[in-house]
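Structure file work_22.txt with compact mmCIF, C-alpha atoms:
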```
# COMPACT_ATOMS: atom_id res chain seq x y z
CA MET A 28 198.86 69.80 64.71
CA LYS A 29 196.64 70.69 67.69
CA CYS A 30 196.18 73.97 69.54
CA TRP A 31 198.37 74.43 72.61
CA LYS A 32 195.30 75.24 74.72
CA CYS A 33 192.57 72.98 73.33
CA ASP A 34 191.96 69.99 71.04
CA LYS A 35 191.11 72.01 67.96
CA LYS A 36 193.25 72.01 64.84
CA ALA A 37 195.91 74.73 64.76
CA VAL A 38 195.74 77.57 62.23
CA ILE A 39 199.22 78.81 63.06
CA TYR A 40 202.44 77.56 64.54
CA ARG A 41 204.44 80.36 66.12
CA LYS A 42 207.96 79.10 65.86
CA TYR A 43 209.31 82.01 67.93
CA GLU A 44 207.35 80.81 70.97
CA GLY A 45 207.13 77.12 70.07
CA LYS A 46 203.32 77.03 70.29
CA ALA A 47 200.47 76.30 67.90
CA TRP A 48 197.05 77.98 68.19
CA CYS A 49 193.55 77.34 66.92
CA GLY A 50 191.56 80.27 65.49
CA LYS A 51 189.88 81.24 68.74
CA HIS A 52 193.02 81.11 70.85
CA PHE A 53 195.15 82.76 68.18
CA LYS A 54 192.78 85.75 68.16
CA GLN A 55 193.02 85.98 71.95
CA GLN A 56 196.82 85.79 71.82
CA PHE A 57 197.00 88.36 69.04
CA GLU A 58 194.82 90.85 70.88
CA ALA A 59 196.72 90.26 74.12
CA ARG A 60 200.00 91.07 72.38
CA ALA A 61 198.64 94.29 70.85
CA LYS A 62 197.22 95.31 74.23
CA GLU A 63 200.59 94.58 75.83
CA THR A 64 202.26 96.98 73.37
CA ILE A 65 199.65 99.63 74.18
CA ARG A 66 200.15 99.19 77.92
CA LYS A 67 203.93 98.89 78.01
CA GLU A 68 204.53 101.79 75.63
CA GLU A 69 201.72 103.88 77.15
CA LEU A 70 200.18 104.46 73.73
CA LEU A 71 196.70 105.48 74.84
CA ASP A 72 195.03 107.70 77.42
CA PRO A 73 191.53 106.85 78.71
CA ASP A 74 189.97 109.94 77.13
CA ASP A 75 191.73 109.77 73.75
CA LYS A 76 189.95 110.65 70.54
CA VAL A 77 191.53 108.09 68.28
CA CYS A 78 191.85 108.45 64.51
CA ILE A 79 192.53 105.27 62.54
CA ALA A 80 194.44 105.69 59.28
CA LEU A 81 192.34 103.29 57.22
CA SER A 82 193.40 102.36 53.69
CA GLY A 83 191.14 99.33 53.32
CA GLY A 84 194.19 97.05 53.21
CA MET A 85 194.86 94.14 55.50
CA ASP A 86 196.75 95.94 58.28
CA SER A 87 194.54 98.96 58.68
CA SER A 88 191.29 96.95 58.44
CA ALA A 89 192.53 94.63 61.19
CA LEU A 90 193.63 97.67 63.17
CA LEU A 91 190.21 99.33 62.97
CA TYR A 92 188.50 96.08 63.97
CA PHE A 93 190.82 95.59 66.95
CA MET A 94 190.81 99.22 68.15
CA ASN A 95 187.03 99.47 67.89
CA LYS A 96 186.66 96.29 69.92
CA LEU A 97 189.14 97.55 72.52
CA LEU A 98 187.70 101.03 72.90
CA LYS A 99 184.10 99.85 73.18
CA ASP A 100 184.77 99.28 76.87
CA TRP A 101 186.44 102.66 77.36
CA ARG A 102 183.80 105.11 78.52
CA ASP A 103 185.61 108.35 77.64
CA ALA A 104 187.43 107.33 74.45
CA GLU A 105 186.22 108.02 70.90
CA ILE A 106 187.19 106.53 67.57
CA PHE A 107 186.89 107.54 63.92
CA ALA A 108 188.68 106.68 60.67
CA ILE A 109 190.19 108.59 57.78
CA THR A 110 190.94 107.16 54.35
CA VAL A 111 193.27 109.07 52.08
CA ASP A 112 192.24 109.18 48.44
CA GLU A 113 195.48 109.80 46.57
CA GLY A 114 193.70 109.85 43.23
CA ILE A 115 194.96 106.61 41.68
CA GLU A 116 192.61 105.28 39.02
CA ASN A 117 191.57 101.62 39.28
CA TYR A 118 193.30 101.24 42.64
CA ARG A 119 191.99 103.47 45.37
CA SER A 120 188.28 103.35 44.52
CA GLU A 121 188.06 99.65 45.43
CA SER A 122 189.79 100.07 48.78
CA LEU A 123 187.70 103.17 49.55
CA GLU A 124 184.60 101.07 49.14
CA ILE A 125 185.99 98.39 51.47
CA ALA A 126 186.93 101.03 54.05
CA GLU A 127 183.48 102.58 53.87
CA ASP A 128 181.75 99.20 54.23
CA LEU A 129 183.86 98.25 57.24
CA CYS A 130 183.17 101.54 59.02
CA GLU A 131 179.47 101.14 58.36
CA LYS A 132 179.51 97.57 59.66
CA LEU A 133 181.38 98.60 62.81
CA ASP A 134 179.42 101.84 63.20
CA VAL A 135 182.57 103.97 63.10
CA GLU A 136 182.55 107.54 61.73
CA HIS A 137 184.44 107.63 58.44
CA HIS A 138 186.07 110.53 56.59
CA VAL A 139 187.76 110.65 53.20
CA ALA A 140 190.57 113.13 52.59
CA SER A 141 191.75 113.60 49.02
CA PHE A 142 195.04 114.81 47.55
CA LYS A 143 193.11 116.72 44.88
CA ASP A 144 190.95 118.69 47.33
CA THR A 145 193.84 119.47 49.65
CA PHE A 146 196.85 119.92 47.39
CA GLY A 147 195.22 120.46 43.99
CA TRP A 148 196.86 117.37 42.46
CA LYS A 149 195.90 113.74 42.03
CA GLN A 150 198.68 111.18 42.32
CA ASP A 151 197.94 110.20 38.70
CA GLU A 152 198.64 113.80 37.64
CA ILE A 153 201.84 113.90 39.70
CA MET A 154 202.96 110.70 37.95
CA GLU A 155 202.75 112.41 34.58
CA LYS A 156 205.29 114.98 35.75
CA LYS A 157 207.58 113.15 38.17
CA GLU A 158 209.53 109.91 38.30
CA ASN A 159 209.67 109.65 42.10
CA PRO A 160 205.97 109.12 42.84
CA CYS A 161 206.47 107.29 46.16
CA THR A 162 208.27 110.32 47.62
CA TYR A 163 205.32 112.55 46.77
CA CYS A 164 202.73 110.03 47.86
CA GLY A 165 204.39 109.32 51.22
CA VAL A 166 205.02 112.95 52.14
CA LEU A 167 201.56 114.16 51.06
CA ARG A 168 199.77 111.25 52.73
CA ARG A 169 201.51 111.83 56.07
CA ARG A 170 200.70 115.54 55.92
CA LEU A 171 197.09 114.95 55.02
CA LEU A 172 196.54 112.40 57.78
CA ASN A 173 198.04 114.72 60.37
CA LYS A 174 196.16 117.81 59.17
CA ARG A 175 192.76 116.18 58.78
CA SER A 176 192.95 114.18 62.02
CA ARG A 177 193.97 117.36 63.87
CA GLU A 178 191.06 119.30 62.35
CA LEU A 179 188.71 116.55 63.50
CA GLY A 180 190.02 116.76 67.05
CA ALA A 181 192.09 113.56 67.21
CA THR A 182 194.48 113.18 70.12
CA LYS A 183 196.13 110.05 68.63
CA LEU A 184 196.69 108.99 65.04
CA VAL A 185 196.87 105.21 64.85
CA THR A 186 198.54 103.41 61.96
CA GLY A 187 198.60 99.72 61.07
CA HIS A 188 202.38 99.35 60.81
CA ASN A 189 203.39 95.81 61.75
CA MET A 190 206.65 94.13 62.72
CA ASP A 191 207.66 93.53 59.10
CA ASP A 192 207.06 97.19 58.14
CA GLU A 193 209.10 98.32 61.10
CA LEU A 194 212.00 95.96 60.38
CA GLN A 195 212.06 96.94 56.72
CA SER A 196 212.32 100.60 57.75
CA ILE A 197 215.14 99.82 60.19
CA PHE A 198 217.16 97.97 57.53
CA MET A 199 216.40 100.56 54.82
CA ASN A 200 217.55 103.42 57.03
CA TYR A 201 220.67 101.48 57.92
CA LEU A 202 221.45 100.67 54.28
CA LYS A 203 220.95 104.33 53.37
CA GLY A 204 223.03 105.47 56.35
CA ASN A 205 220.11 107.54 57.57
CA MET A 206 220.60 107.22 61.32
CA LYS A 207 218.51 110.27 62.19
CA ARG A 208 215.45 108.67 60.67
CA MET A 209 215.88 105.61 62.87
CA ILE A 210 214.75 107.58 65.90
CA ARG A 211 211.35 108.11 64.28
CA LEU A 212 210.70 104.38 64.58
CA GLY A 213 209.13 102.56 67.52
CA ALA A 214 205.54 102.13 68.68
CA LYS A 215 205.29 105.82 69.64
CA PRO A 216 207.52 107.56 67.12
CA ALA A 217 206.89 111.28 67.71
CA VAL A 218 210.22 112.95 68.30
CA VAL A 219 208.93 116.51 68.42
CA GLN A 220 205.97 117.43 70.58
CA ASN A 221 203.88 120.21 69.13
CA GLU A 222 200.18 120.99 69.18
CA LYS A 223 200.09 120.84 65.38
CA LEU A 224 201.42 117.29 65.32
CA VAL A 225 198.95 114.57 66.31
CA PRO A 226 200.98 111.87 68.13
CA ARG A 227 201.25 108.70 66.05
CA ILE A 228 201.05 105.26 67.56
CA LYS A 229 201.49 101.73 66.17
CA PRO A 230 199.78 99.05 68.31
CA PHE A 231 200.63 96.25 65.81
CA ARG A 232 204.31 97.11 65.72
CA ASN A 233 205.30 93.91 67.57
CA LEU A 234 203.09 91.61 65.49
CA PRO A 235 204.29 89.93 62.27
CA GLU A 236 202.55 90.85 59.02
CA LYS A 237 201.40 87.28 58.56
CA GLU A 238 199.64 87.27 61.94
CA VAL A 239 197.87 90.54 61.14
CA ALA A 240 196.67 88.94 57.90
CA LEU A 241 195.48 85.86 59.76
CA TYR A 242 193.63 88.00 62.30
CA SER A 243 191.88 89.78 59.39
CA LYS A 244 191.00 86.53 57.71
CA LEU A 245 189.67 84.87 60.87
CA ASN A 246 187.50 87.89 61.61
CA GLY A 247 186.03 87.75 58.11
CA LEU A 248 187.34 91.14 57.04
CA LYS A 249 187.20 91.92 53.36
CA ILE A 250 190.54 93.29 52.35
CA HIS A 251 192.08 95.12 49.42
CA LEU A 252 195.06 93.21 48.00
CA LYS A 253 195.64 95.01 44.73
CA LYS A 254 199.16 96.25 44.12
CA CYS A 255 199.63 99.99 43.74
CA PRO A 256 200.36 100.54 40.02
CA TYR A 257 203.22 102.89 40.92
CA ALA A 258 204.88 100.64 43.54
CA GLY A 259 207.73 99.54 41.22
CA ASP A 260 210.77 97.71 42.52
CA SER A 261 211.63 99.72 45.56
CA LEU A 262 214.39 99.08 48.09
CA ARG A 263 211.65 98.19 50.57
CA PHE A 264 210.64 95.18 48.46
CA ASP A 265 214.25 93.97 48.22
CA VAL A 266 214.67 94.30 51.98
CA ARG A 267 211.33 92.56 52.56
CA ASP A 268 212.32 89.62 50.36
CA PHE A 269 215.72 89.36 52.04
CA LEU A 270 214.21 89.31 55.54
CA ASN A 271 211.61 86.69 54.55
CA LYS A 272 214.31 84.46 53.05
CA VAL A 273 216.41 84.72 56.19
CA GLU A 274 213.39 84.03 58.41
CA VAL A 275 212.60 80.78 56.59
CA LYS A 276 216.19 79.56 56.98
CA HIS A 277 216.74 80.90 60.47
CA ALA A 278 213.46 81.04 62.40
CA SER A 279 212.78 83.98 64.75
CA THR A 280 215.38 86.22 63.11
CA LYS A 281 212.83 89.00 62.58
CA TYR A 282 211.74 88.89 66.18
CA THR A 283 215.33 88.93 67.45
CA ALA A 284 216.30 91.75 65.09
CA LEU A 285 213.44 93.94 66.28
CA ARG A 286 214.29 93.31 69.94
CA ALA A 287 217.91 94.19 69.22
CA PHE A 288 216.83 97.47 67.63
CA ASP A 289 214.64 98.27 70.63
CA LYS A 290 217.71 97.98 72.83
CA LEU A 291 219.59 100.38 70.56
CA LEU A 292 216.80 102.93 70.17
CA PRO A 293 217.32 104.86 73.45
CA ALA A 294 221.00 105.37 72.59
CA LEU A 295 220.12 106.45 69.05
CA LYS A 296 217.58 108.94 70.39
CA GLU A 297 220.14 110.40 72.75
CA LYS A 298 222.72 110.81 70.00
CA PHE A 299 220.54 111.95 67.11
CA SER A 300 217.55 113.78 68.60
CA GLY A 301 219.33 117.12 68.14
CA ASP A 302 217.85 120.44 69.13
CA LYS A 303 214.14 119.91 69.62
CA SER A 304 213.53 123.62 69.87
CA GLU A 305 214.21 123.95 66.15
CA VAL A 306 210.57 123.67 65.17
CA ASN A 307 209.32 126.29 62.73
CA GLU A 308 206.05 127.02 61.05
CA CYS A 309 206.34 126.82 57.28
CA LYS A 310 206.33 130.32 55.79
CA ARG A 311 203.91 129.20 53.08
CA CYS A 312 201.39 126.87 54.72
CA GLY A 313 201.97 127.31 58.46
CA GLU A 314 202.48 123.59 59.10
CA ILE A 315 205.32 122.34 61.31
CA THR A 316 208.76 121.94 59.74
CA SER A 317 212.39 121.98 60.77
CA ARG A 318 213.13 124.26 57.81
CA GLU A 319 211.78 127.58 56.52
CA ILE A 320 209.67 125.99 53.79
CA CYS A 321 208.23 122.55 54.50
CA LYS A 322 208.79 119.46 52.34
CA VAL A 323 205.17 119.45 51.12
CA CYS A 324 205.37 123.03 49.82
CA GLU A 325 208.77 122.31 48.28
CA LEU A 326 207.48 119.23 46.45
CA LEU A 327 204.33 120.97 45.23
CA GLU A 328 206.39 123.90 43.98
CA ASN A 329 208.47 121.51 41.86
CA LEU A 330 205.43 120.22 39.98
CA MET B 10 201.19 61.62 45.93
CA GLU B 11 199.82 64.66 44.07
CA ILE B 12 198.80 67.97 45.65
CA LYS B 13 197.29 70.97 43.87
CA VAL B 14 198.61 74.38 44.90
CA LYS B 15 196.79 77.56 43.91
CA GLU B 16 198.94 80.67 43.70
CA GLU B 17 196.92 83.70 42.57
CA ASP B 18 195.63 82.70 39.08
CA VAL B 19 197.98 79.74 38.65
CA THR B 20 197.45 76.15 39.81
CA HIS B 21 200.56 73.99 40.29
CA LYS B 22 200.43 70.20 40.46
CA VAL B 23 203.05 68.93 42.87
CA GLN B 24 204.36 65.39 43.32
CA ILE B 25 205.49 64.94 46.88
CA ALA B 26 206.50 62.17 49.28
CA LYS B 27 204.09 60.62 51.77
CA ASP B 28 203.91 62.31 55.20
CA SER B 29 204.98 65.67 53.77
CA LYS B 30 203.74 68.89 55.36
CA VAL B 31 202.26 72.05 53.88
CA LYS B 32 205.61 73.81 54.30
CA ASP B 33 207.30 71.10 52.17
CA VAL B 34 204.73 71.62 49.41
CA LEU B 35 205.24 75.40 49.46
CA SER B 36 208.99 74.96 49.37
CA LYS B 37 208.71 72.66 46.35
CA VAL B 38 206.67 75.26 44.44
CA GLY B 39 209.05 78.05 45.49
CA ILE B 40 206.61 79.97 47.69
CA ASN B 41 208.12 81.57 50.80
CA LYS B 42 205.89 80.52 53.71
CA GLU B 43 206.41 83.90 55.35
CA THR B 44 204.51 85.56 52.53
CA VAL B 45 201.28 83.56 52.48
CA LEU B 46 198.36 82.27 54.50
CA VAL B 47 197.41 78.74 53.59
CA GLU B 48 194.04 77.05 53.24
CA LYS B 49 193.88 73.27 52.87
CA ASN B 50 190.66 72.11 51.29
CA GLY B 51 189.06 75.43 52.26
CA GLN B 52 190.24 75.56 55.89
CA VAL B 53 193.02 77.81 57.21
CA VAL B 54 195.88 75.60 58.45
CA SER B 55 199.39 76.01 59.78
CA GLU B 56 202.36 75.10 57.59
CA GLU B 57 203.08 72.20 59.93
CA GLU B 58 199.87 70.49 58.80
CA LYS B 59 200.39 67.16 57.00
CA VAL B 60 199.05 66.74 53.46
CA LYS B 61 197.59 63.72 51.70
CA ASP B 62 197.01 62.73 48.11
CA GLY B 63 194.42 64.92 46.38
CA ASP B 64 194.59 67.82 48.83
CA VAL B 65 194.10 71.31 47.40
CA ILE B 66 196.24 74.05 48.91
CA ASN B 67 195.19 77.65 48.38
CA THR B 68 197.75 80.38 49.11
CA ILE B 69 196.75 83.92 50.04
CA LEU B 70 199.51 86.50 49.57
CA VAL B 71 199.93 88.61 52.70
CA VAL B 72 202.96 90.79 52.00
CA SER B 73 202.47 94.50 51.59
CA MET B 74 201.78 95.45 47.97
CA GLY B 75 202.96 99.02 48.19
```
Using structure tokens, write down the structure from this file.
Amino acid sequence: MKCWKCDKKAVIYRKYEGKAWCGKHFKQQFEARAKETIRKEELLDPDDKVCIALSGGMDSSALLYFMNKLLKDWRDAEIFAITVDEGIENYRSESLEIAEDLCEKLDVEHHVASFKDTFGWKQDEIMEKKENPCTYCGVLRRRLLNKRSRELGATKLVTGHNMDDELQSIFMNYLKGNMKRMIRLGAKPAVVQNEKLVPRIKPFRNLPEKEVALYSKLNGLKIHLKKCPYAGDSLRFDVRDFLNKVEVKHASTKYTALRAFDKLLPALKEKFSGDKSEVNECKRCGEITSREICKVCELLENL
Amino acid sequence: MEIKVKEEDVTHKVQIAKDSKVKDVLSKVGINKETVLVEKNGQVVSEEEKVKDGDVINTILVVSMG
């Protein structure tokens, strides 16, 4: 199969648009689509100080590569990366090394923020006490990324969430009946605006996971593929497998499902946004919360 | 014709009809094409690429590992 634009052999056939692309033209198409998301959703300002949440995995490595390339032409923008070290033996050290190498290669400032230094616990230590490690890991990681990026002066926190991640979250929230959480989705998910919350953005949100992987591969990025030892059999994996099975049988379903959600999102925001003035500072740590004591402090207290 | 398919540490040998495509090979081994990138004889290819006897298909898992 040949590329739609030239005579070279295709590396991908995008069934949802009915076109095949060679490596060079795929990369152009991929970047154009990410830029379109940034432009349409107004994700960036010209003078943004952008923090990339970099794990060393496929999505965030591709994200750093793309964002660095994009912002090179922006005179007033800055970029740096943060990697969270959760403290997971034989897992995080390898990806930390990959993240460090990539930042060095791209000449991007790199910071490491650890659970142990910030919260006093490694994820391995939390595992010994609790059976819901993903809850702890997710909540602590989000807090740490926000706190550290804010301290370093970031005006945007950029994550590598792709179309598959987004769809999985949509379906999971629906299956759990958690409609309020749905409004946190989208390319620019911040519901509450507060100086303590660095706005999060997701430029890859309209790009399938497989295309992000291909972009990484074609740009020669070394990526960390090891499975987190605590990942288990979560609902997310079941939803992921279901969506991939449906996509193979009924092409473009993922794309259509995401577009359908985008049409629903404004209505969901209107119904479930609630009283935005209900933003408190946690009585223990001073971070933003809708309650008196924030989720992080509550979780740490239970250890 | 026979195609070799590498899936992580395992190599499958697949008998498949002439004029088959990469996607047919993956389907025969039970690999969901949404979850992998494919290299044929060392080159990244689309799943619509035709295969021939003796080809070696390498699959690279792309789904999030948690």
If we count only C-alpha atoms and set the cut-off at 9 Å, which residues sit around B:Ser73, ignoring sequence neighbours fewer than 4 positions away in its own chain? Please answer as a compact mmCIF listing (two decimals) with C-alpha atoms, keeping the file's coordinate frame.
```txt
# COMPACT_ATOMS: atom_id res chain seq x y z
CA GLY A 84 194.19 97.05 53.21
CA MET A 85 194.86 94.14 55.50
CA ASP A 86 196.75 95.94 58.28
CA ASP A 192 207.06 97.19 58.14
CA GLU A 236 202.55 90.85 59.02
CA LEU A 252 195.06 93.21 48.00
CA LYS A 254 199.16 96.25 44.12
CA PHE A 264 210.64 95.18 48.46
```
All residues 12 Å or closer to A:Asp103, only C-alpha atoms, same chain fewer than 6 positions away omitted, as JSON, numbers by chain: {"A": [71, 72, 73, 74, 75, 76, 77]}
Pick the closest to B:Ser36 from B:Val71, B:Glu11, B:Val23, B:Lys61: which is it, counting all atoms listed in the file?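 Result for the nearest residue to B:Ser36: B:Val23.
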Check every residue of chain B for an atom within 12 Å of chain A, counting all atoms listed in the file, and provide those that qualify as a PyMOL selection string. chain B and resi 17+30-33+35-36+39-49+52-60+69-75
Just the number, please: distance in Å from atom CA of A:Gly114 to atom CA of A:Lys149, one decimal.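 Computing it gives 4.6 Å between the two atoms.
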Taking only C-alpha atoms into account, name the residue in A:Lys229, A:Lys157, A:His52, A:Arg177 that is nearest to A:Leu70.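 When distances to A:Leu70 are compared using only C-alpha atoms, the smallest one comes from A:Lys229.
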Atom pair atom CA of A:Asn233 / atom CA of A:Ile197: separation (Å):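 Between atom CA of A:Asn233 and atom CA of A:Ile197 the gap works out to 13.6 Å.
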Give, as AutoDock Vina command-line options, the centre coordinates and the x, y and z edge lengths in Å to one decimal for an axis-aligned box around all listed atoms of stretch 84-98 of chain A, padded by 5 Å on each side.
```
--center_x 191.7 --center_y 97.6 --center_z 63.1 --size_x 20.1 --size_y 16.9 --size_z 29.7
```
Report, in Å with one decimal, the straight-line distance from atom CA of B:Asn67 to atom CA of A:Lys276.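 Atom CA of B:Asn67 sits 22.8 Å away from atom CA of A:Lys276.
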Nearest to A:Asp265, chosen from A:Ile65, A:Leu97, A:Leu202, A:Leu285, with all atoms listed in the file counted in the distances: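 With all atoms listed in the file as the atom set, the closest residue is A:Leu202.
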Leaving out A:Glu63 and any residue of its chain fewer than 3 positions from it, which residues lie within 12 Å of it when counting all atoms listed in the file, given as a ChimeraX atom specification? /A:56-60,66-71,214,230-234
Using C-alpha atoms, can you write the selected residues to a file as an mmCIF file, keeping the file's coordinate frame?
```cif
data_model
loop_
_atom_site.group_PDB
_atom_site.id
_atom_site.type_symbol
_atom_site.label_atom_id
_atom_site.label_comp_id
_atom_site.auth_asym_id
_atom_site.auth_seq_id
_atom_site.Cartn_x
_atom_site.Cartn_y
_atom_site.Cartn_z
ATOM 1 C CA GLN A 56 196.820 85.790 71.820
ATOM 2 C CA PHE A 57 197.000 88.360 69.040
ATOM 3 C CA GLU A 58 194.820 90.850 70.880
ATOM 4 C CA ALA A 59 196.720 90.260 74.120
ATOM 5 C CA ARG A 60 200.000 91.070 72.380
ATOM 6 C CA ARG A 66 200.150 99.190 77.920
ATOM 7 C CA LYS A 67 203.930 98.890 78.010
ATOM 8 C CA GLU A 68 204.530 101.790 75.630
ATOM 9 C CA GLU A 69 201.720 103.880 77.150
ATOM 10 C CA LEU A 70 200.180 104.460 73.730
ATOM 11 C CA LEU A 71 196.700 105.480 74.840
ATOM 12 C CA ALA A 214 205.540 102.130 68.680
ATOM 13 C CA PRO A 230 199.780 99.050 68.310
ATOM 14 C CA PHE A 231 200.630 96.250 65.810
ATOM 15 C CA ARG A 232 204.310 97.110 65.720
ATOM 16 C CA ASN A 233 205.300 93.910 67.570
ATOM 17 C CA LEU A 234 203.090 91.610 65.490
#
```
Find the residues around A:Tyr43 up to 9 Å (only C-alpha atoms counted), leave out those fewer than 2 positions away in its own chain, and share them as a PyMOL selection string. chain A and resi 40-41+45-46+278-280+282
In terms of the shortest atom-to-atom distance over only C-alpha atoms, which of A:Cys78, A:Cys312, A:Val306, A:Leu262 is closest to A:Asn95? A:Cys78
Pick from B:Asp28, B:Lys37, B:Asn50, B:Met10: nearest to B:Asp64, with all atoms listed in the file counted? B:Asn50
Which polymer residues, protein or nucleic acid, are no farther than 10 Å from (194.1, 109.3, 49.5), counting all atoms listed in the file, as a PyMOL selection string? chain A and resi 81-82+109-115+119-120+123+139-143+149-150+164+167-168+171-172
Starting from the structure just given, write a file holding stretch 13-63 of chain B with C-alpha atoms, as a PDB file, in the first residue's frame.
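Below is the file that was written, out22.pdb:
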```pdb
ATOM      1  CA  LYS B  13       6.778 -16.024  11.640  1.00  0.00           C
ATOM      2  CA  VAL B  14       5.127 -13.690  14.137  1.00  0.00           C
ATOM      3  CA  LYS B  15       7.041 -12.397  17.149  1.00  0.00           C
ATOM      4  CA  GLU B  16       4.914 -11.420  20.127  1.00  0.00           C
ATOM      5  CA  GLU B  17       7.050 -10.268  23.067  1.00  0.00           C
ATOM      6  CA  ASP B  18       9.219 -13.342  23.887  1.00  0.00           C
ATOM      7  CA  VAL B  19       7.148 -15.811  21.860  1.00  0.00           C
ATOM      8  CA  THR B  20       7.485 -16.640  18.155  1.00  0.00           C
ATOM      9  CA  HIS B  21       4.431 -18.110  16.406  1.00  0.00           C
ATOM     10  CA  LYS B  22       4.637 -19.948  13.096  1.00  0.00           C
ATOM     11  CA  VAL B  23       1.529 -19.259  11.051  1.00  0.00           C
ATOM     12  CA  GLN B  24       0.269 -21.069   7.949  1.00  0.00           C
ATOM     13  CA  ILE B  25      -1.721 -18.666   5.848  1.00  0.00           C
ATOM     14  CA  ALA B  26      -3.211 -18.413   2.362  1.00  0.00           C
ATOM     15  CA  LYS B  27      -1.464 -16.639  -0.499  1.00  0.00           C
ATOM     16  CA  ASP B  28      -2.219 -12.899  -0.874  1.00  0.00           C
ATOM     17  CA  SER B  29      -2.997 -12.542   2.834  1.00  0.00           C
ATOM     18  CA  LYS B  30      -2.314  -9.247   4.608  1.00  0.00           C
ATOM     19  CA  VAL B  31      -0.605  -8.445   7.897  1.00  0.00           C
ATOM     20  CA  LYS B  32      -4.008  -7.948   9.527  1.00  0.00           C
ATOM     21  CA  ASP B  33      -5.015 -11.513   8.519  1.00  0.00           C
ATOM     22  CA  VAL B  34      -1.846 -12.895  10.115  1.00  0.00           C
ATOM     23  CA  LEU B  35      -2.469 -10.968  13.347  1.00  0.00           C
ATOM     24  CA  SER B  36      -6.056 -12.149  13.430  1.00  0.00           C
ATOM     25  CA  LYS B  37      -4.951 -15.764  13.014  1.00  0.00           C
ATOM     26  CA  VAL B  38      -2.577 -15.471  15.991  1.00  0.00           C
ATOM     27  CA  GLY B  39      -5.232 -13.691  18.069  1.00  0.00           C
ATOM     28  CA  ILE B  40      -3.499 -10.316  18.293  1.00  0.00           C
ATOM     29  CA  ASN B  41      -5.797  -7.284  18.194  1.00  0.00           C
ATOM     30  CA  LYS B  42      -4.348  -4.944  15.561  1.00  0.00           C
ATOM     31  CA  GLU B  43      -5.376  -1.935  17.623  1.00  0.00           C
ATOM     32  CA  THR B  44      -2.876  -2.921  20.297  1.00  0.00           C
ATOM     33  CA  VAL B  45       0.326  -3.264  18.279  1.00  0.00           C
ATOM     34  CA  LEU B  46       2.671  -1.625  15.818  1.00  0.00           C
ATOM     35  CA  VAL B  47       3.941  -4.009  13.195  1.00  0.00           C
ATOM     36  CA  GLU B  48       7.338  -4.414  11.580  1.00  0.00           C
ATOM     37  CA  LYS B  49       7.709  -6.676   8.552  1.00  0.00           C
ATOM     38  CA  ASN B  50      11.265  -7.830   8.038  1.00  0.00           C
ATOM     39  CA  GLY B  51      12.457  -4.908  10.176  1.00  0.00           C
ATOM     40  CA  GLN B  52      10.388  -2.147   8.529  1.00  0.00           C
ATOM     41  CA  VAL B  53       7.288  -0.531  10.054  1.00  0.00           C
ATOM     42  CA  VAL B  54       4.288  -1.351   7.846  1.00  0.00           C
ATOM     43  CA  SER B  55       0.537  -0.865   7.877  1.00  0.00           C
ATOM     44  CA  GLU B  56      -1.749  -3.822   8.563  1.00  0.00           C
ATOM     45  CA  GLU B  57      -2.940  -3.616   4.974  1.00  0.00           C
ATOM     46  CA  GLU B  58       0.507  -4.700   3.760  1.00  0.00           C
ATOM     47  CA  LYS B  59       0.572  -8.050   1.928  1.00  0.00           C
ATOM     48  CA  VAL B  60       2.779 -10.846   3.264  1.00  0.00           C
ATOM     49  CA  LYS B  61       4.732 -13.540   1.460  1.00  0.00           C
ATOM     50  CA  ASP B  62       6.240 -16.862   2.423  1.00  0.00           C
ATOM     51  CA  GLY B  63       9.108 -16.515   4.900  1.00  0.00           C
TER      52      GLY B  63
END
```
